$ cat target32.csv   # CSV, C-alpha atoms
chain,number,residue,atom,x,y,z
F,23,MET,CA,0.0,0.0,0.0
F,24,ASN,CA,1.3,3.5,-0.9
F,25,LYS,CA,1.9,5.7,2.0
F,26,PRO,CA,-0.4,8.8,2.0
F,27,LEU,CA,1.2,12.1,1.2
F,28,GLU,CA,1.6,14.3,4.2
F,29,GLY,CA,1.3,18.1,4.6
F,30,THR,CA,0.0,20.6,2.1
F,31,GLY,CA,1.1,20.7,-1.5
F,32,PHE,CA,1.1,23.1,-4.5
F,33,TYR,CA,0.0,22.7,-8.1
F,34,ARG,CA,0.9,25.3,-10.8
F,35,VAL,CA,-1.7,26.2,-13.4
F,36,LEU,CA,-2.4,29.1,-15.7
F,37,VAL,CA,-5.1,31.0,-17.4
F,38,ALA,CA,-3.9,31.4,-21.0
F,39,ILE,CA,-5.4,34.3,-22.8
F,40,GLU,CA,-5.1,34.6,-26.6
F,41,THR,CA,-5.2,38.3,-27.3
F,42,ASP,CA,-4.6,40.9,-30.1
F,43,ALA,CA,-0.9,41.6,-29.8
F,44,THR,CA,-1.1,44.6,-32.2
F,45,ARG,CA,-2.4,46.6,-29.2
F,46,PHE,CA,1.0,46.3,-27.6
F,47,TYR,CA,2.8,48.2,-30.4
F,48,GLY,CA,2.4,51.3,-32.5
F,49,THR,CA,1.5,54.9,-31.8
F,50,HIS,CA,-1.2,54.1,-29.2
F,51,ALA,CA,0.5,51.1,-27.7
F,52,SER,CA,-0.7,49.9,-24.3
F,53,ARG,CA,0.3,46.9,-22.2
F,54,PRO,CA,-2.1,44.9,-20.0
F,55,LYS,CA,-3.1,46.8,-16.8
F,56,LEU,CA,-1.9,45.8,-13.4
F,57,LEU,CA,-4.8,45.2,-11.0
F,58,GLY,CA,-5.2,46.7,-7.5
F,59,ALA,CA,-6.3,44.8,-4.5
F,60,SER,CA,-10.1,45.0,-5.1
F,61,ASP,CA,-9.9,44.0,-8.8
F,62,SER,CA,-7.4,41.2,-8.0
F,63,GLU,CA,-9.9,39.7,-5.5
F,64,GLN,CA,-12.6,39.8,-8.1
F,65,MET,CA,-10.3,38.3,-10.7
F,66,LEU,CA,-9.5,35.3,-8.5
F,67,ALA,CA,-13.2,34.9,-7.6
F,68,HIS,CA,-14.0,34.5,-11.3
F,69,ILE,CA,-11.2,32.0,-11.7
F,70,ALA,CA,-12.3,30.0,-8.6
F,71,THR,CA,-15.9,29.9,-9.9
F,72,ASP,CA,-14.8,28.4,-13.2
F,73,LEU,CA,-12.4,25.9,-11.6
F,74,LYS,CA,-15.1,24.7,-9.1
F,75,ALA,CA,-17.5,24.1,-11.9
F,76,LEU,CA,-15.0,21.8,-13.6
F,77,LEU,CA,-13.5,20.3,-10.4
F,78,PRO,CA,-15.8,20.6,-7.4
F,79,GLU,CA,-13.2,19.2,-5.0
F,80,ILE,CA,-10.9,22.2,-5.6
F,81,SER,CA,-13.2,24.1,-3.2
F,82,LYS,CA,-11.2,22.3,-0.5
F,83,CYS,CA,-8.1,24.1,-1.7
F,84,SER,CA,-6.8,27.6,-1.7
F,85,LEU,CA,-6.0,29.6,-4.8
F,86,ILE,CA,-3.2,32.1,-5.0
F,87,ALA,CA,-2.8,34.6,-7.9
F,88,ALA,CA,-1.6,38.1,-8.6
F,89,GLY,CA,-3.4,40.7,-10.7
F,90,ALA,CA,-0.9,40.7,-13.6
F,91,LEU,CA,-0.4,39.1,-17.0
F,92,PHE,CA,2.9,37.7,-18.1
F,93,ASP,CA,4.5,36.7,-21.4
F,94,GLN,CA,5.5,33.1,-21.6
F,95,THR,CA,9.2,34.0,-21.6
F,96,GLN,CA,8.8,35.4,-18.0
F,97,ILE,CA,6.8,32.4,-16.9
F,98,LEU,CA,9.1,29.7,-18.4
F,99,ARG,CA,12.3,30.5,-16.6
F,100,PRO,CA,14.6,28.3,-14.5
F,101,SER,CA,13.0,27.6,-11.0
F,102,TYR,CA,9.8,29.3,-12.3
F,103,PRO,CA,10.2,32.5,-10.3
F,104,ALA,CA,6.7,33.8,-10.7
F,105,PHE,CA,5.2,30.6,-9.3
F,106,ARG,CA,7.7,30.5,-6.5
F,107,ALA,CA,6.8,34.0,-5.5
F,108,LEU,CA,3.1,33.1,-5.4
F,109,GLU,CA,3.9,30.0,-3.3
F,110,ALA,CA,6.0,32.1,-0.9
F,111,VAL,CA,2.9,34.2,0.0
F,112,SER,CA,1.3,31.2,1.7
F,113,THR,CA,1.9,30.5,5.4
F,114,ASN,CA,-0.9,28.0,5.5
F,115,ASP,CA,1.2,24.8,5.4
F,116,ASN,CA,-0.1,23.0,8.4
F,117,PRO,CA,-2.6,20.3,7.2
F,118,GLU,CA,-4.3,20.1,10.5
F,119,LYS,CA,-5.1,23.8,10.6
F,120,PHE,CA,-5.4,24.3,6.8
F,121,LYS,CA,-8.4,26.3,5.7
F,122,PRO,CA,-9.2,26.9,2.0
F,123,GLY,CA,-9.5,30.4,0.7
F,124,LEU,CA,-8.6,32.9,-2.0
F,125,VAL,CA,-5.3,34.7,-1.7
F,126,SER,CA,-5.0,37.6,-4.3
F,127,ILE,CA,-2.1,40.0,-4.7
F,128,GLY,CA,-2.6,43.5,-6.1
F,129,VAL,CA,-0.4,46.4,-7.0
F,130,ARG,CA,0.3,49.3,-4.7
F,131,ASP,CA,1.6,52.5,-6.3
F,132,GLY,CA,2.0,50.7,-9.6
F,133,GLU,CA,4.3,48.0,-8.2
F,134,MET,CA,3.8,44.4,-7.2
F,135,PRO,CA,5.1,43.5,-3.7
F,136,SER,CA,7.6,41.1,-5.3
F,137,SER,CA,9.8,41.8,-8.3
F,138,GLU,CA,9.1,38.3,-9.6
F,139,LEU,CA,5.5,39.2,-9.9
F,140,GLN,CA,6.2,42.5,-11.8
F,141,PRO,CA,5.8,42.0,-15.6
F,142,LEU,CA,9.1,42.9,-17.2
F,143,PRO,CA,8.7,46.1,-19.3
F,144,ASP,CA,11.4,45.2,-21.8
F,145,ILE,CA,9.9,41.9,-23.0
F,146,PRO,CA,8.2,42.2,-26.5
F,147,LEU,CA,4.7,40.8,-25.8
F,148,GLY,CA,3.1,38.2,-28.0
F,149,LEU,CA,-0.5,37.1,-28.5
F,150,LEU,CA,-0.5,34.7,-25.6
F,151,GLN,CA,-0.7,36.4,-22.1
F,152,LEU,CA,-0.6,34.2,-19.0
F,153,LEU,CA,-2.1,34.5,-15.6
F,154,PRO,CA,-0.3,32.1,-13.2
F,155,VAL,CA,-2.4,30.5,-10.4
F,156,VAL,CA,-1.2,28.3,-7.6
F,157,VAL,CA,-3.5,25.6,-6.1
F,158,GLN,CA,-2.7,24.8,-2.5
F,159,GLY,CA,-4.3,22.1,-0.3
F,160,PRO,CA,-3.8,18.8,1.4
F,161,ALA,CA,-1.0,17.1,-0.6
F,162,GLU,CA,-2.9,14.0,-1.5
F,163,LEU,CA,-5.9,15.9,-2.8
F,164,VAL,CA,-3.7,18.4,-4.7
F,165,SER,CA,-1.9,15.5,-6.4
F,166,GLU,CA,-5.2,13.9,-7.4
F,167,LEU,CA,-6.5,17.3,-8.7
F,168,GLY,CA,-3.3,17.8,-10.6
F,169,GLN,CA,-3.7,14.6,-12.5
F,170,SER,CA,-7.3,15.5,-13.3
F,171,MET,CA,-6.2,18.9,-14.6
F,172,GLU,CA,-3.5,17.4,-16.8
F,173,TYR,CA,-6.2,15.4,-18.6
F,174,ARG,CA,-9.3,17.6,-18.4
F,175,PHE,CA,-7.9,21.0,-19.2
F,176,ILE,CA,-7.1,20.0,-22.7
F,177,GLU,CA,-10.8,19.2,-23.6
F,178,GLU,CA,-12.7,21.1,-20.9
F,179,GLY,CA,-10.5,23.9,-19.7
F,180,GLN,CA,-12.2,26.8,-21.5
F,181,VAL,CA,-12.8,29.9,-19.3
F,182,SER,CA,-16.5,30.9,-19.1
F,183,ALA,CA,-17.7,33.7,-21.3
F,184,HIS,CA,-18.6,35.8,-18.2
F,185,SER,CA,-15.0,35.4,-16.8
F,186,ALA,CA,-13.4,36.1,-20.1
F,187,SER,CA,-15.4,39.3,-20.5
F,188,TRP,CA,-14.4,40.5,-17.0
F,189,LEU,CA,-10.7,39.8,-17.7
F,190,GLU,CA,-10.9,41.7,-21.0
F,191,THR,CA,-12.3,44.8,-19.3
F,192,ALA,CA,-10.1,44.6,-16.2
F,193,PHE,CA,-6.8,44.1,-18.0
F,194,GLY,CA,-7.7,46.4,-20.9
F,195,ILE,CA,-7.0,43.8,-23.6
F,196,SER,CA,-8.9,41.9,-26.2
F,197,VAL,CA,-9.7,38.3,-25.3
F,198,ASN,CA,-10.0,36.1,-28.4
F,199,HIS,CA,-9.8,32.9,-26.4
F,200,ALA,CA,-9.1,32.0,-22.7
F,201,ARG,CA,-8.5,28.6,-21.2
F,202,PHE,CA,-6.9,26.9,-18.2
F,203,MET,CA,-3.6,25.3,-18.9
F,204,THR,CA,-1.1,23.3,-16.8
F,205,LEU,CA,2.7,23.9,-17.0
F,206,THR,CA,2.9,20.6,-18.9
F,207,ASP,CA,0.5,22.0,-21.5
F,208,LEU,CA,2.5,25.3,-21.8
F,209,ASN,CA,5.8,23.5,-22.2
F,210,ALA,CA,4.4,21.1,-24.8
F,211,MET,CA,3.0,24.1,-26.8
F,212,LEU,CA,6.3,25.9,-26.8
F,213,ARG,CA,8.1,22.7,-27.9
F,214,LEU,CA,5.7,22.4,-30.8
F,215,GLN,CA,6.2,26.1,-31.8
F,216,LEU,CA,9.9,25.8,-31.8
F,217,ASP,CA,9.9,22.5,-33.7
F,218,HIS,CA,7.6,24.0,-36.3
F,219,PHE,CA,10.0,26.8,-36.9
F,220,GLY,CA,13.1,24.5,-37.0
F,221,PHE,CA,14.4,25.3,-33.5
F,222,LEU,CA,13.9,22.0,-31.7
F,223,PRO,CA,17.5,22.1,-30.4
F,224,LEU,CA,16.5,25.4,-28.6
F,225,TRP,CA,13.8,23.5,-26.8
F,226,GLU,CA,16.3,20.8,-25.6
F,227,LEU,CA,18.3,23.6,-23.9
F,228,LEU,CA,15.3,25.3,-22.4
F,229,ASP,CA,13.9,21.9,-21.2
F,230,ALA,CA,17.1,21.1,-19.5
F,231,ALA,CA,17.2,24.5,-17.7
F,232,LEU,CA,13.5,24.4,-16.7
F,233,SER,CA,13.7,20.8,-15.4
F,234,GLY,CA,16.7,21.7,-13.2
F,235,SER,CA,19.1,19.3,-15.0
F,236,ALA,CA,22.7,19.7,-14.0
F,237,GLY,CA,23.8,18.7,-17.5
F,238,PRO,CA,25.7,18.6,-19.6
F,239,VAL,CA,22.9,18.6,-22.2
F,240,SER,CA,24.2,19.3,-25.8
F,241,ALA,CA,22.3,20.5,-28.8
F,242,CYS,CA,23.4,21.1,-32.4
F,243,THR,CA,21.6,23.7,-34.6
F,244,ALA,CA,20.8,23.4,-38.3
F,245,LYS,CA,23.9,25.4,-39.1
F,246,GLY,CA,26.1,23.1,-37.0
F,247,GLN,CA,26.5,25.4,-34.0
F,248,GLU,CA,27.0,23.5,-30.8
F,249,PHE,CA,25.3,24.6,-27.5
F,250,SER,CA,25.7,23.0,-24.1
F,251,TRP,CA,23.7,23.4,-20.9
F,252,GLU,CA,25.9,22.9,-17.9
F,253,ASP,CA,26.9,24.6,-14.6
F,254,GLY,CA,23.7,26.7,-14.7
F,255,ALA,CA,24.4,28.3,-18.1
F,256,VAL,CA,24.3,27.8,-21.8
F,257,HIS,CA,27.8,27.6,-23.4
F,258,THR,CA,28.7,28.1,-27.0
F,259,LEU,CA,31.5,29.0,-29.3
F,260,PHE,CA,31.9,32.5,-30.7
F,261,GLU,CA,33.6,32.7,-34.1
F,262,THR,CA,34.9,35.9,-35.6
F,263,PHE,CA,34.6,36.2,-39.3
F,264,ASP,CA,38.3,35.6,-39.8
F,265,SER,CA,38.2,32.4,-37.7
F,266,TRP,CA,34.9,31.2,-39.1
F,267,ALA,CA,36.0,31.7,-42.7
F,268,SER,CA,39.4,30.1,-42.3
F,269,GLN,CA,39.1,27.3,-39.7
F,270,GLY,CA,35.4,27.2,-38.7
F,271,GLY,CA,32.1,26.5,-40.5
F,272,GLY,CA,33.0,28.7,-43.5
F,273,ALA,CA,36.3,27.1,-44.3
F,274,ARG,CA,34.8,25.1,-47.2
F,275,VAL,CA,32.7,28.0,-48.5
F,276,SER,CA,33.9,29.7,-51.7
F,277,ALA,CA,35.3,33.2,-51.1
F,278,GLU,CA,34.0,34.5,-54.4
F,279,ARG,CA,30.9,36.7,-55.1
F,280,GLN,CA,30.3,37.5,-51.5
F,281,ALA,CA,29.6,33.9,-50.6
F,282,LEU,CA,31.5,34.2,-47.3
F,283,ALA,CA,29.5,37.3,-46.4
F,284,ALA,CA,26.2,35.4,-47.0
F,285,GLY,CA,27.5,32.4,-45.0
F,286,TYR,CA,28.6,34.4,-42.0
F,287,GLY,CA,25.4,36.4,-42.2
F,288,ASP,CA,23.4,33.2,-41.9
F,289,TRP,CA,25.6,32.0,-39.0
F,290,THR,CA,25.1,35.3,-37.2
F,291,ARG,CA,21.3,35.3,-37.8
F,292,GLU,CA,20.9,31.8,-36.3
F,293,ILE,CA,23.1,32.4,-33.3
F,294,ARG,CA,21.3,35.7,-32.6
F,295,GLN,CA,17.9,33.9,-32.8
F,296,TYR,CA,19.1,31.4,-30.2
F,297,LEU,CA,20.7,34.1,-28.0
F,298,THR,CA,17.5,36.3,-28.1
F,299,THR,CA,15.2,33.4,-27.1
F,300,LEU,CA,17.5,31.9,-24.4
F,301,ARG,CA,18.1,35.2,-22.7
F,302,ALA,CA,14.4,36.1,-22.9
F,303,HIS,CA,13.8,33.0,-20.8
F,304,GLY,CA,16.3,34.2,-18.3
F,305,LEU,CA,19.1,31.8,-19.3
F,306,ASP,CA,22.7,32.9,-19.0
F,307,VAL,CA,24.6,32.4,-22.3
F,308,ARG,CA,28.3,32.3,-22.2
F,309,PHE,CA,30.5,32.6,-25.3
F,310,HIS,CA,33.9,30.9,-25.6
F,311,LEU,CA,36.6,31.2,-28.1
F,312,ALA,CA,37.9,28.0,-29.7
F,313,GLY,CA,40.2,26.1,-27.3
F,314,ASP,CA,39.5,28.4,-24.4
F,315,ASP,CA,37.3,27.3,-21.5
F,316,VAL,CA,37.1,30.8,-20.0
F,317,PRO,CA,33.9,32.6,-21.0
F,318,LEU,CA,34.2,35.9,-22.8
F,319,GLU,CA,33.6,38.9,-20.6
F,320,GLY,CA,32.0,42.3,-21.4
F,321,THR,CA,29.6,43.3,-24.1
F,322,PHE,CA,32.0,43.1,-27.1
F,323,LEU,CA,35.0,41.2,-28.4
F,324,LYS,CA,38.2,42.9,-29.8
F,325,GLU,CA,40.2,40.9,-32.3
F,326,GLN,CA,43.7,42.0,-33.5
F,327,SER,CA,43.7,41.3,-37.2
F,328,THR,CA,46.8,40.2,-39.2
F,329,SER,CA,45.6,42.3,-42.1
F,330,ALA,CA,47.7,45.3,-43.0
F,331,PRO,CA,45.9,48.7,-43.5
F,332,GLY,CA,46.1,50.7,-46.6
F,333,THR,CA,46.7,54.4,-46.7
F,334,GLY,CA,43.3,55.1,-48.1
F,335,ASP,CA,41.3,52.9,-45.8
F,336,SER,CA,38.5,54.3,-43.7
F,337,THR,CA,39.2,54.6,-40.0
F,338,ILE,CA,36.0,52.8,-39.2
F,339,THR,CA,34.1,50.3,-41.3
F,340,GLU,CA,30.8,48.9,-40.1
F,341,HIS,CA,30.1,45.5,-41.7
F,342,SER,CA,26.4,44.8,-41.9
F,343,TYR,CA,24.2,42.2,-43.5
F,344,GLY,CA,20.6,42.8,-44.4
F,345,GLU,CA,18.2,43.0,-41.5
F,346,LEU,CA,20.9,41.9,-39.1
F,347,GLY,CA,22.4,45.4,-39.0
F,348,THR,CA,26.0,45.8,-37.9
F,349,ILE,CA,27.8,42.4,-37.4
F,350,ALA,CA,31.3,43.7,-36.9
F,351,VAL,CA,33.3,46.9,-36.9
F,352,THR,CA,36.8,47.1,-38.4
F,353,VAL,CA,39.1,49.9,-37.2
F,354,ARG,CA,42.3,51.2,-38.8
F,355,ASN,CA,44.3,52.2,-35.7
F,356,ASP,CA,47.7,53.6,-36.7
F,357,ASN,CA,49.5,50.7,-38.5
F,358,HIS,CA,47.3,47.9,-37.5
F,359,VAL,CA,43.7,46.7,-38.0
F,360,GLU,CA,41.3,45.7,-35.2
F,361,ASN,CA,37.9,44.0,-35.5
F,362,TYR,CA,35.2,44.4,-32.9
F,363,TYR,CA,32.1,42.2,-32.5
F,364,PRO,CA,29.1,43.0,-30.3
F,365,LEU,CA,28.3,40.1,-27.9
F,366,ARG,CA,25.2,41.7,-26.3
F,367,PRO,CA,22.6,44.2,-27.5
F,368,ARG,CA,24.4,47.2,-26.1
F,369,GLY,CA,27.7,46.0,-27.4
F,370,LEU,CA,27.6,48.2,-30.5
F,371,ASN,CA,27.2,51.4,-28.4
F,372,ASP,CA,30.1,50.2,-26.2
F,373,ILE,CA,32.2,49.6,-29.2
F,374,GLN,CA,31.6,53.1,-30.5
F,375,GLY,CA,32.4,54.5,-27.1
F,376,HIS,CA,35.7,52.5,-26.9
F,377,ILE,CA,36.7,53.7,-30.3
F,378,ARG,CA,36.1,57.4,-29.4
F,379,THR,CA,38.4,56.9,-26.4
F,380,HIS,CA,41.1,54.7,-27.8
F,381,VAL,CA,41.4,55.6,-31.5
F,382,PRO,CA,42.9,59.1,-31.8
F,383,GLY,CA,42.4,61.6,-34.6
F,384,VAL,CA,39.6,62.4,-37.0
F,385,HIS,CA,37.6,59.3,-38.1
F,386,SER,CA,36.3,58.5,-41.5
F,387,VAL,CA,33.4,56.1,-41.3
F,388,ALA,CA,32.2,53.7,-44.0
F,389,PHE,CA,28.9,51.8,-44.2
F,390,PRO,CA,29.4,49.5,-47.2
F,391,GLY,CA,26.1,47.7,-46.5
F,392,THR,CA,27.8,44.3,-46.6
F,393,ILE,CA,30.7,42.4,-45.1
F,394,LEU,CA,34.0,43.4,-46.7
F,395,TYR,CA,36.7,40.8,-46.8
F,396,ASP,CA,39.8,40.0,-48.8
F,397,GLU,CA,39.1,36.9,-51.0
F,398,LYS,CA,42.7,35.6,-50.7
F,399,THR,CA,43.2,35.9,-47.0
F,400,ARG,CA,39.5,35.4,-46.1
F,401,LYS,CA,39.7,38.1,-43.5
F,402,LEU,CA,37.8,41.3,-42.8
F,403,VAL,CA,39.3,44.5,-44.3
F,404,PRO,CA,38.5,48.2,-43.9
F,405,ASP,CA,36.6,50.0,-46.7
F,406,ALA,CA,39.2,51.3,-49.1
F,407,GLY,CA,36.7,53.1,-51.3
F,408,ASN,CA,37.2,50.5,-54.0
F,409,PHE,CA,34.8,47.7,-53.0
F,410,SER,CA,35.2,45.8,-56.3
F,411,ALA,CA,38.9,45.4,-55.7
F,412,ARG,CA,38.8,44.4,-52.1
F,413,HIS,CA,35.6,42.3,-51.5
$ encode --input "target32.csv" --output "structure tokens"
Amino acid sequence: MNKPLEGTGFYRVLVAIETDATRFYGTHASRPKLLGASDSEQMLAHIATDLKALLPEISKCSLIAAGALFDQTQILRPSYPAFRALEAVSTNDNPEKFKPGLVSIGVRDGEMPSSELQPLPDIPLGLLQLLPVVVQGPAELVSELGQSMEYRFIEEGQVSAHSASWLETAFGISVNHARFMTLTDLNAMLRLQLDHFGFLPLWELLDAALSGSAGPVSACTAKGQEFSWEDGAVHTLFETFDSWASQGGGARVSAERQALAAGYGDWTREIRQYLTTLRAHGLDVRFHLAGDDVPLEGTFLKEQSTSAPGTGDSTITEHSYGELGTIAVTVRNDNHVENYYPLRPRGLNDIQGHIRTHVPGVHSVAFPGTILYDEKTRKLVPDAGNFSARH
């Protein structure tokens, strides 16, 4: 016979709201409202009513929620900080004295009492907005309810029209569809999304981080880039153009007709896509150079080039590729050439500040609109004002 579970337990669920994401952008952009104490109480009462209609036994449990909506990148983070913050509110953990109730958390002066429950302002919002809810109750009952929710939410988890209408008005959003979802459902949906767009290796890294795996867990992208989850971070190799074109993934690519520029542009596009998504989910990403176990520090990388500058070369050449913008910056500094690569979003600004401080004289700046390189040496070169001869 299985020993009964003791104490109180938690189960993590969500209200998933499919909304009109165009409201979050443009001239009259507005994000979902944060709810005060009174509205948060009403919100949780609506949610409780719908859950009790589906699972009557949940009336023997408490529900904990905050009056805020979150993007899935803030919910799906290692250790699930939003859920942990909700669980930390409860002090009702003695099963003998446990009394079910509704515990709502509202904003005061525009701020949630916990930073983990404050929607991050710099996250680009998508069409799916999530309201995390914690179910607390006697451990054995919560376990049974959890199993029921895993099966029943898929078919029967739609939020009532009355509750959906209230949520629409309270949060100031449009509600196209609203349903209850478990974390298992949300993880499965994200996996399907990433697989559909060809980023299944990205899910393998996220899954390892979310599950608390110590690693190492390795994943290889479509372009052959290796990522590894271990020691609480994602590790990957950073290749400068010169390294990539000569010894890395571009070593077998023809140097003619800008083929190397296109290849390195594709490599940069893929790695930026991975970086953006991983960091949006709160994962630390650490770059390494080939043969070096020490992670790169700072927001940009400086590479001393073996190319010799010409007398007519621009002081600063910003190499770019299509929608990617600037990929690298080549600087003619006295009698040598330096290449700079942004490693983080603010890296380009920091590169420009470094150049102003460390490269003396009047600077001529070139924006060739592509990646300039010498076909023979397969290395980046400054703009000489004669693109046809140097590309």
$ closest_residue --input "target32.csv" --among "F:Phe120, F:Tyr296, F:Phe105, F:Phe32" --to "Gly220 in chain F" --atoms "only C-alpha atoms"
F:Tyr296
$ atom_distance --input "target32.csv" --atom1 "CA of Gly391 in chain F" --atom2 "CA of Ala350 in chain F"
11.6 Å
$ closest_residue --input "target32.csv" --among "F:Val181, F:Val307, F:Val129, F:Leu98" --to "Arg213 in chain F" --atoms "all atoms listed in the file"
F:Leu98
$ closest_residue --input "target32.csv" --among "F:Thr298, F:Thr204, F:Thr339, F:Thr333" --to "Arg366 in chain F" --atoms "only C-alpha atoms"
F:Thr298
$ residues_near_point --input "target32.csv" --point "(33.7, 34.3, -41.2)" --cutoff "9 Å" --atoms "all atoms listed in the file" --output "list in words"
Glu261, Thr262, Phe263, Asp264, Ser265, Trp266, Ala267, Ser268, Gln269, Gly270, Gly271, Gly272, Ala273, Leu282, Ala283, Gly285, Tyr286, Gly287, Trp289, Arg400, Lys401 and Leu402 of chain F
$ closest_residue --input "target32.csv" --among "F:Gly179, F:Asn371, F:Asp93, F:Glu345" --to "Lys74 in chain F" --atoms "only C-alpha atoms"
F:Gly179
$ closest_residue --input "target32.csv" --among "F:Ala284, F:Ala210, F:Cys83, F:Val351" --to "Leu163 in chain F" --atoms "all atoms listed in the file"
F:Cys83
$ atom_distance --input "target32.csv" --atom1 "CA of Phe389 in chain F" --atom2 "CA of Tyr363 in chain F"
15.5 Å
$ residues_around --input "target32.csv" --residues "range 309-324 of chain F" --least-positions-apart "4" --cutoff "9 Å" --atoms "all atoms listed in the file" --output "list in words"
Val256, His257, Thr258, Leu259, Phe260, Glu261, Thr262, Glu360, Asn361, Tyr362, Tyr363, Pro364, Leu365, Arg366, Pro367, Arg368, Gly369, Leu370, Asp372 and Ile373 of chain F
$ atom_distance --input "target32.csv" --atom1 "CA of Glu138 in chain F" --atom2 "CA of Ser101 in chain F"
11.5 Å
$ closest_atom_pairs --input "target32.csv" --of "range 80-158 of chain F" --to "range 221-232 of chain F" --cutoff "12 Å" --atoms "all atoms listed in the file" --output "JSON lines"
{"residue": "F:Thr95", "atom": "CA", "partner": "F:Leu228", "partner_atom": "CA", "distance": 10.7}
{"residue": "F:Ile97", "atom": "CA", "partner": "F:Leu232", "partner_atom": "CA", "distance": 10.4}
{"residue": "F:Leu98", "atom": "CA", "partner": "F:Leu232", "partner_atom": "CA", "distance": 7.1}
{"residue": "F:Arg99", "atom": "CA", "partner": "F:Leu232", "partner_atom": "CA", "distance": 6.2}
{"residue": "F:Pro100", "atom": "CA", "partner": "F:Leu232", "partner_atom": "CA", "distance": 4.6}
{"residue": "F:Ser101", "atom": "CA", "partner": "F:Leu232", "partner_atom": "CA", "distance": 6.6}
{"residue": "F:Tyr102", "atom": "CA", "partner": "F:Leu232", "partner_atom": "CA", "distance": 7.6}
{"residue": "F:Pro103", "atom": "CA", "partner": "F:Leu232", "partner_atom": "CA", "distance": 10.8}
$ closest_residue --input "target32.csv" --among "F:Gly246, F:Thr44, F:Val403, F:Ile338" --to "Arg378 in chain F" --atoms "all atoms listed in the file"
F:Ile338
$ residues_near_point --input "target32.csv" --point "(-9.2, 30.6, -0.3)" --cutoff "8 Å" --atoms "only C-alpha atoms" --output "ChimeraX atom specification"
/F:83-86,121-125
